[in-house]
Structures are given as structure tokens and as C-alpha cells.
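Engineer: Just so it is clear, I am handing over target_6.txt, which has compact mmCIF, C-alpha atoms.
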```txt
# COMPACT_ATOMS: atom_id res chain seq x y z
CA MET A 620 0.00 0.00 0.00
CA SER A 621 1.39 3.37 -0.96
CA VAL A 622 1.67 6.04 1.70
CA GLN A 623 -0.26 9.17 0.87
CA LYS A 624 0.29 11.27 4.00
CA GLN A 625 2.50 10.60 7.00
CA ALA A 626 3.09 12.75 10.08
CA LEU A 627 5.65 13.05 12.84
CA VAL A 628 4.27 14.49 16.09
CA PHE A 629 6.69 16.02 18.60
CA ALA A 630 4.84 15.65 21.91
CA SER A 631 6.10 17.73 24.84
CA PHE A 632 4.91 18.58 28.33
CA GLY A 633 5.16 22.19 27.21
CA VAL A 634 6.68 25.45 28.40
CA SER A 635 5.03 28.85 28.65
CA ASP A 636 8.14 31.05 28.57
CA ARG A 637 8.51 32.30 24.99
CA ARG A 638 12.30 32.44 24.87
CA ALA A 639 12.72 29.00 26.39
CA ARG A 640 10.03 27.56 24.11
CA GLU A 641 11.60 28.92 20.94
CA ALA A 642 15.14 27.92 21.90
CA SER A 643 14.26 24.35 22.89
CA LEU A 644 10.93 22.88 21.77
CA ASP A 645 10.57 24.91 18.58
CA ALA A 646 14.21 24.27 17.70
CA ALA A 647 13.76 20.53 18.22
CA GLU A 648 10.65 20.53 16.01
CA ALA A 649 12.62 22.32 13.28
CA LEU A 650 15.42 19.75 13.52
CA LEU A 651 12.96 16.88 13.14
CA ALA A 652 11.43 18.56 10.08
CA GLU A 653 14.92 18.87 8.60
CA ARG A 654 15.89 15.27 9.36
CA PHE A 655 12.63 13.68 8.16
CA PRO A 656 11.48 15.59 5.06
CA ALA A 657 9.08 12.81 4.05
CA PHE A 658 7.00 13.53 7.17
CA ALA A 659 4.86 16.54 7.99
CA VAL A 660 5.97 17.58 11.50
CA PHE A 661 3.56 18.84 14.16
CA SER A 662 3.85 19.74 17.85
CA CYS A 663 1.52 19.27 20.79
CA TYR A 664 1.69 19.77 24.55
CA THR A 665 0.50 17.24 27.11
CA SER A 666 0.14 19.77 29.95
CA ASN A 667 -3.37 21.17 30.15
CA PHE A 668 -2.11 23.94 32.45
CA ILE A 669 0.53 25.12 29.97
CA ARG A 670 -1.88 24.98 27.02
CA LYS A 671 -4.49 27.03 28.90
CA ARG A 672 -1.89 29.61 29.89
CA LEU A 673 -0.70 29.95 26.29
CA ALA A 674 -4.28 30.12 25.01
CA GLY A 675 -4.72 33.16 27.22
CA GLN A 676 -1.85 34.74 25.26
CA GLY A 677 -3.46 33.86 21.93
CA ILE A 678 -1.15 30.87 21.32
CA ASN A 679 -3.12 27.72 20.60
CA ILE A 680 -1.19 24.45 20.86
CA PRO A 681 -3.26 21.25 20.71
CA SER A 682 -3.29 18.34 23.09
CA LEU A 683 -2.06 15.02 21.72
CA PRO A 684 -5.57 13.47 21.47
CA ASP A 685 -6.91 16.53 19.65
CA LEU A 686 -3.96 16.65 17.27
CA LEU A 687 -4.23 12.95 16.42
CA ALA A 688 -7.95 13.31 15.72
CA SER A 689 -7.22 16.29 13.46
CA LEU A 690 -4.51 14.41 11.55
CA ALA A 691 -6.90 11.52 10.94
CA GLU A 692 -9.51 13.95 9.63
CA GLN A 693 -6.88 15.43 7.30
CA GLY A 694 -6.22 12.01 5.83
CA TYR A 695 -2.88 11.10 7.37
CA SER A 696 -2.53 7.35 7.12
CA ARG A 697 0.32 6.80 9.57
CA VAL A 698 1.90 8.74 12.40
CA LEU A 699 5.01 8.60 14.55
CA VAL A 700 4.71 10.27 17.95
CA GLN A 701 8.14 11.22 19.30
CA PRO A 702 7.95 12.40 22.91
CA SER A 703 10.27 15.06 24.26
CA HIS A 704 9.83 13.65 27.77
CA LEU A 705 13.15 12.77 29.36
CA THR A 706 11.97 9.65 31.18
CA PRO A 707 9.32 6.94 30.68
CA GLY A 708 7.44 8.20 33.72
CA GLU A 709 3.88 9.04 34.63
CA GLU A 710 3.45 11.82 32.06
CA PHE A 711 4.72 9.59 29.25
CA ASP A 712 2.54 6.64 30.29
CA GLY A 713 -0.60 8.59 31.13
CA LYS A 714 -0.54 11.26 28.43
CA VAL A 715 1.43 9.85 25.48
CA LEU A 716 0.96 6.08 25.46
CA LYS A 717 -2.68 6.37 26.51
CA ALA A 718 -3.51 8.86 23.76
CA VAL A 719 -1.75 6.77 21.14
CA GLU A 720 -3.58 3.61 22.18
CA GLU A 721 -6.93 5.38 22.01
CA ALA A 722 -6.14 6.70 18.52
CA ARG A 723 -4.78 3.44 17.11
CA THR A 724 -7.82 2.71 14.94
CA LEU A 725 -7.67 6.16 13.30
CA PHE A 726 -4.61 5.42 11.14
CA PRO A 727 -4.92 2.59 8.63
CA GLU A 728 -1.17 2.16 8.21
CA GLY A 729 -0.33 2.46 11.88
CA ILE A 730 0.81 4.74 14.67
CA LEU A 731 4.19 4.45 16.39
CA VAL A 732 5.67 5.88 19.59
CA GLY A 733 9.34 6.77 19.87
CA ARG A 734 11.05 6.30 23.20
CA PRO A 735 12.03 8.97 25.76
CA VAL A 736 15.61 10.18 26.03
CA PHE A 737 16.40 8.04 29.09
CA ASP A 738 15.12 4.63 28.06
CA SER A 739 17.89 2.06 27.54
CA ALA A 740 21.21 1.48 29.27
CA ASP A 741 23.13 3.14 26.43
CA ASP A 742 21.10 6.34 26.73
CA TYR A 743 22.85 7.54 29.88
CA GLN A 744 26.23 7.75 28.21
CA ALA A 745 24.64 9.33 25.14
CA VAL A 746 23.03 12.09 27.23
CA LEU A 747 26.27 12.80 29.09
CA ALA A 748 28.19 12.95 25.81
CA ALA A 749 25.63 15.43 24.45
CA ILE A 750 25.45 17.81 27.39
CA LEU A 751 28.75 17.77 29.28
CA PRO A 752 30.74 19.59 26.56
CA GLU A 753 28.09 22.34 26.77
CA LEU A 754 28.61 22.58 30.54
CA SER A 755 32.36 23.04 30.68
CA LEU A 756 33.62 23.34 34.23
CA ALA A 757 36.12 25.91 35.43
CA ALA A 758 39.11 24.73 37.40
CA GLY A 759 37.97 23.36 40.76
CA GLU A 760 34.26 23.40 39.90
CA GLN A 761 31.85 20.51 40.31
CA LEU A 762 28.59 20.22 38.39
CA VAL A 763 25.15 19.96 40.00
CA LEU A 764 22.35 18.91 37.64
CA PHE A 765 18.88 20.07 38.67
CA GLY A 766 16.21 17.58 37.54
CA HIS A 767 12.47 17.48 38.12
CA GLY A 768 11.78 14.02 39.51
CA SER A 769 8.38 12.39 39.88
CA PRO A 770 5.70 13.86 42.18
CA HIS A 771 3.97 10.53 42.80
CA HIS A 772 6.56 7.77 42.77
CA HIS A 773 10.30 7.32 42.73
CA ASN A 774 11.84 7.69 39.27
CA PRO A 775 14.96 5.47 39.12
CA VAL A 776 16.38 7.30 36.08
CA TYR A 777 18.09 9.97 38.17
CA GLU A 778 19.78 7.52 40.53
CA ARG A 779 20.91 5.45 37.56
CA LEU A 780 22.36 8.57 35.91
CA GLN A 781 24.30 9.28 39.10
CA GLN A 782 25.62 5.72 39.08
CA VAL A 783 26.84 6.10 35.50
CA VAL A 784 28.47 9.42 36.38
CA ASP A 785 30.24 7.84 39.33
CA GLU A 786 31.42 4.91 37.23
CA CYS A 787 33.01 7.46 34.90
CA HIS A 788 34.61 9.29 37.88
CA LEU A 789 33.06 12.62 36.87
CA PRO A 790 32.60 15.57 39.28
CA VAL A 791 28.85 15.60 38.66
CA HIS A 792 25.99 15.39 41.15
CA VAL A 793 22.38 14.71 40.13
CA GLY A 794 19.41 15.93 42.17
CA VAL A 795 15.67 16.37 41.72
CA LEU A 796 13.23 19.08 42.75
CA GLU A 797 10.27 16.93 43.80
CA PRO A 798 10.52 16.41 47.57
CA SER A 799 8.99 12.93 47.36
CA ASP A 800 11.70 11.72 44.97
CA THR A 801 15.44 11.14 45.26
CA PRO A 802 18.27 12.06 45.02
CA ASN A 803 17.18 15.31 46.69
CA LEU A 804 19.13 18.48 47.41
CA PRO A 805 20.29 17.45 50.92
CA MET A 806 21.78 14.30 49.36
CA VAL A 807 23.53 16.43 46.73
CA ILE A 808 24.95 18.73 49.41
CA ARG A 809 26.28 15.74 51.35
CA ARG A 810 28.00 14.43 48.23
CA LEU A 811 29.54 17.84 47.54
CA LYS A 812 30.91 18.08 51.06
CA GLN A 813 32.26 14.55 50.93
CA SER A 814 34.13 15.46 47.75
CA SER A 815 35.50 18.65 49.37
CA ALA A 816 33.86 20.81 46.69
CA GLN A 817 33.96 24.56 47.11
CA GLN A 818 32.77 25.82 43.71
CA VAL A 819 29.64 24.60 41.96
CA LEU A 820 28.20 25.00 38.48
CA LEU A 821 24.42 24.65 38.83
CA ALA A 822 22.57 23.73 35.61
CA PRO A 823 19.14 22.34 34.63
CA LEU A 824 18.60 18.70 33.80
CA LEU A 825 15.38 19.88 32.16
CA LEU A 826 14.45 20.14 28.52
CA ALA A 827 13.47 23.80 28.69
CA GLY A 828 14.03 26.72 31.01
CA GLY A 829 11.08 28.38 32.66
CA SER A 830 9.78 28.86 36.18
CA HIS A 831 11.49 25.78 37.57
CA VAL A 832 14.82 27.18 36.43
CA THR A 833 14.29 30.88 37.15
CA ARG A 834 12.49 30.36 40.46
CA ASP A 835 13.24 26.94 41.97
CA MET A 836 16.82 26.58 40.75
CA ALA A 837 18.18 30.10 40.34
CA GLY A 838 15.77 32.32 42.28
CA ASP A 839 16.76 34.68 45.09
CA ASP A 840 14.29 33.16 47.54
CA GLU A 841 15.96 31.23 50.36
CA SER A 842 14.28 28.01 49.20
CA SER A 843 15.94 28.01 45.75
CA TRP A 844 18.77 25.59 45.07
CA LYS A 845 21.13 28.49 44.45
CA SER A 846 20.32 29.99 47.83
CA GLN A 847 20.54 26.68 49.67
CA LEU A 848 23.87 25.78 48.07
CA THR A 849 25.22 29.23 48.88
CA ALA A 850 24.01 28.90 52.47
CA ALA A 851 25.80 25.55 52.66
CA GLY A 852 29.08 27.34 51.90
CA PHE A 853 29.52 26.81 48.18
CA THR A 854 30.35 29.41 45.56
CA VAL A 855 27.66 28.97 42.91
CA ARG A 856 27.85 29.75 39.21
CA MET A 857 24.76 29.07 37.12
CA LYS A 858 23.87 28.12 33.57
CA LEU A 859 20.18 28.67 32.87
CA GLN A 860 19.74 27.08 29.43
CA GLY A 861 17.57 23.98 29.22
CA LEU A 862 18.94 20.85 27.57
CA GLY A 863 16.87 21.47 24.45
CA GLU A 864 18.93 24.57 23.71
CA TYR A 865 21.93 22.36 22.91
CA LEU A 866 22.02 20.98 19.37
CA PRO A 867 23.73 17.71 20.41
CA PHE A 868 20.86 17.05 22.82
CA ARG A 869 18.20 17.84 20.20
CA GLU A 870 19.93 15.30 17.97
CA LEU A 871 18.99 12.62 20.50
CA TYR A 872 15.33 13.11 19.54
CA ALA A 873 16.16 12.65 15.88
CA ALA A 874 18.01 9.45 16.77
CA LYS A 875 15.05 8.14 18.78
CA ALA A 876 12.64 8.92 15.93
CA LYS A 877 14.95 7.28 13.38
CA LYS A 878 15.23 4.14 15.48
CA ALA A 879 11.45 3.87 15.81
CA LEU A 880 10.98 4.31 12.07
CA GLU A 881 13.70 1.80 11.21
CA ASN A 882 12.32 -0.79 13.63
CA SER A 883 8.89 -0.43 12.04
CA GLY A 884 10.18 -0.69 8.49
CA TRP A 885 8.82 2.78 7.67
CA LEU A 886 12.32 4.13 7.06
CA LYS A 887 14.56 2.20 4.73
```
Mind converting the file's structure to C-alpha cells?
Structural biologist:
Amino acid sequence: MSVQKQALVFASFGVSDRRAREASLDAAEALLAERFPAFAVFSCYTSNFIRKRLAGQGINIPSLPDLLASLAEQGYSRVLVQPSHLTPGEEFDGKVLKAVEEARTLFPEGILVGRPVFDSADDYQAVLAAILPELSLAAGEQLVLFGHGSPHHHNPVYERLQQVVDECHLPVHVGVLEPSDTPNLPMVIRRLKQSSAQQVLLAPLLLAGGSHVTRDMAGDDESSWKSQLTAAGFTVRMKLQGLGEYLPFRELYAAKAKKALENSGWLK
């Protein structure tokens, strides 16, 4: 059967900050369009809160279910959904996989889902290779990566990333914002003190900047990570760019999409 119309959907949680959105999510969408010219590329956000906030600014970005229904109405016969989500956690399971399963009958030639960035054992080294050159440390500095974590259950990805870092003997410490998840900031501070660190580069382990970065990581409030690290005696330098602002990291999404297409036989 010949393919008449095929689409690639870049599904993200979403970000409301314009600069961060353009530099990360929009840039990743553009890269996918460049890498896969045989596919029409679309974006959607899985966060209802972010979509409602943007709608109030006159920016209308569809949900994944709404976008899939629209693509079916437009006659697309097969679709690849490539998530921007870093981990196969609750948002990926509940918002991406669920929507795809519910839309499966809409596409006569099939619908595929690419995998998140942190999915297989090899992905940890690939992520480090993509981001560490962008986060060059000054002499004597150690790197603290500020991740999100899961609000409802422990997400083992972050602990596994720390294990890989330690196996490589890198001066990198991984922590998460969600208080119910680990490794948390007190654990990061203990590691820093055990390693006799004095200077810290604090950077997001998040796809895009936004309020988590400007407020929770780098804010002046005493509860921010910057403030708590400073109070613990460290000299803190910050890098505010989200991971999606680095081309080598955006390339990971292209690689995930390519693998999904090759495994399906859609890309030869």
C-alpha cells in the first residue's frame, strides 16, 4: 500500500516562557522537520495547564488526542509520535501512550511511539556525551544537575544517571526538585561536602528553562537551590539554558525517531 500522507508528532509537556520555548521545543521541532522531510511535523503539549496559559496569550497548541484526531480527519494514514519527555514516567505513560492507544484505529497504516531520552542502558552515556561539553567546568568546579523528579513515585532514572556518572569518575551530582523523589538536594549537598567541593556550576537537567529554572533553581528566595547551596558554603555559578537549547541534545530526539521508524520498516 502506498503512503499518501505521514506525520511526525513532537509531543512535549510544554513550556510557557517564549524564549525557552523557541530555543528548545521549537528548535527541536525544526530539527525533526529537517531530518525527516518525508513527514509533515507537528507539535503538541500534554500539559493542560501550559496549554491554557498559552491560550490566554493567543497561542493555541493542541493536546495530543486533539492533534491525532485532526490528523486523521486530514487524511494522514500513519503517524510517529516522538515524545520530548526525558523519562518513561507518569506523564509519558498517562498522556502519550494512553492517547496513542486510544487513537490506534484512526490510522490505517499504523501509529508508532518513539522512546524517551532516558530509556535504555546506552542512553545515559549518550546524554552525558551530548550535554557535558556544553557545561564546561572551570578549574575546581563541580557540576550539580537540577532535575524534576516524579511527584507521585520514585523515578529510578536519576539515581541510575548518578551511578553512571560515578562509574566514569566525573565531578557531577544529580538531584531532583520533587521532595517525594530522590536524590534530593540534601543528598547532593552531602556528596559535595564529601568530595570537598567549594565551587559549583548549577545547571538544569530539564528540557526547557522556565519557572522551575528561574524560580526553583536560580531564584533569590531562600528556598531556591542556588540559595541553599550558597548557604551551605559553596560558591555557585549558574547556567540557565535547558537541555533542548543544545544541538547535540536535540539530535537525541532525531536518533530516537529514526530508530522507531527503522524498527517499524517505515524508514529504509
Engineer: For Gly852 (chain A), which of A:Ile808, A:Val732, A:Ala827, A:Ala822 is the closest residue, counting only C-alpha atoms?
Structural biologist: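 Nearest to Gly852 (chain A): A:Ile808.
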Engineer: For region 768-774 of chain A, work out the shell of residues within 10 Å, counting all atoms listed in the file and skipping chain neighbours fewer than 6 positions away, then give it as a list in words.
Structural biologist: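 In the requested form, the answer reads Thr706, Pro707, Gly708, Glu709, Glu710, Gly794, Val795, Leu796, Glu797, Pro798, Ser799, Asp800, Thr801, Pro802 and Asn803 of chain A.
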Engineer: Env of Leu821 (chain A): 8 Å cut, atoms = all atoms listed in the file, seq-sep filter 6 positions within chain, self excluded. Answer as a list in words.
Structural biologist: Leu762, Val763, Leu764, Phe765, Lys845, Val855, Arg856, Met857 and Lys858 of chain A
Engineer: For Asn882 (chain A), which of A:Leu705, A:Ile678, A:Leu699, A:Lys624 is the closest residue, counting only C-alpha atoms?
Structural biologist: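 Between A:Leu705, A:Ile678, A:Leu699, A:Lys624, the residue approaching Asn882 (chain A) most closely is A:Leu699.
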Engineer: Please determine an axis-aligned box that encloses all atoms of region 750-765 of chain A listed in the file, with 3 Å added on each side, and express its centre and edge lengths in Å to one decimal as lines of an AutoDock Vina configuration file.
Structural biologist:
```
center_x = 29.0
center_y = 21.8
center_z = 33.7
size_x = 26.2
size_y = 14.1
size_z = 20.2
```
Engineer: Take region 700-715 of chain A from the preceding structure and save N, CA and C atoms as a short mmCIF file (atom, residue, chain, number, x, y, z; two decimals), in the first residue's frame.
Structural biologist:
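Generated output (result.cif):
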```cif
data_model
loop_
_atom_site.label_atom_id
_atom_site.label_comp_id
_atom_site.auth_asym_id
_atom_site.auth_seq_id
_atom_site.Cartn_x
_atom_site.Cartn_y
_atom_site.Cartn_z
N VAL A 700 4.70 9.33 16.84
CA VAL A 700 4.71 10.27 17.95
C VAL A 700 6.06 10.15 18.66
N GLN A 701 6.85 11.21 18.59
CA GLN A 701 8.14 11.22 19.30
C GLN A 701 8.02 12.13 20.51
N PRO A 702 8.08 11.57 21.71
CA PRO A 702 7.95 12.40 22.91
C PRO A 702 9.25 13.16 23.21
N SER A 703 9.10 14.33 23.79
CA SER A 703 10.27 15.06 24.26
C SER A 703 10.57 14.71 25.71
N HIS A 704 9.68 13.97 26.36
CA HIS A 704 9.83 13.65 27.77
C HIS A 704 11.16 12.93 28.02
N LEU A 705 11.83 13.32 29.09
CA LEU A 705 13.15 12.77 29.36
C LEU A 705 13.07 11.32 29.83
N THR A 706 12.04 10.98 30.60
CA THR A 706 11.97 9.65 31.18
C THR A 706 10.63 8.99 30.86
N PRO A 707 10.59 7.66 30.87
CA PRO A 707 9.32 6.94 30.68
C PRO A 707 8.55 6.90 31.99
N GLY A 708 8.13 8.07 32.44
CA GLY A 708 7.44 8.20 33.72
C GLY A 708 5.95 8.35 33.56
N GLU A 709 5.33 8.94 34.58
CA GLU A 709 3.88 9.04 34.63
C GLU A 709 3.31 9.86 33.47
N GLU A 710 3.96 10.97 33.13
CA GLU A 710 3.45 11.82 32.06
C GLU A 710 3.51 11.09 30.72
N PHE A 711 4.59 10.36 30.48
CA PHE A 711 4.72 9.59 29.25
C PHE A 711 3.67 8.48 29.19
N ASP A 712 3.52 7.74 30.28
CA ASP A 712 2.54 6.64 30.29
C ASP A 712 1.11 7.15 30.19
N GLY A 713 0.79 8.16 31.01
CA GLY A 713 -0.60 8.59 31.13
C GLY A 713 -1.07 9.53 30.04
N LYS A 714 -0.15 10.27 29.43
CA LYS A 714 -0.54 11.26 28.43
C LYS A 714 -0.16 10.86 27.00
N VAL A 715 0.98 10.20 26.83
CA VAL A 715 1.43 9.85 25.48
C VAL A 715 0.95 8.46 25.08
#
```
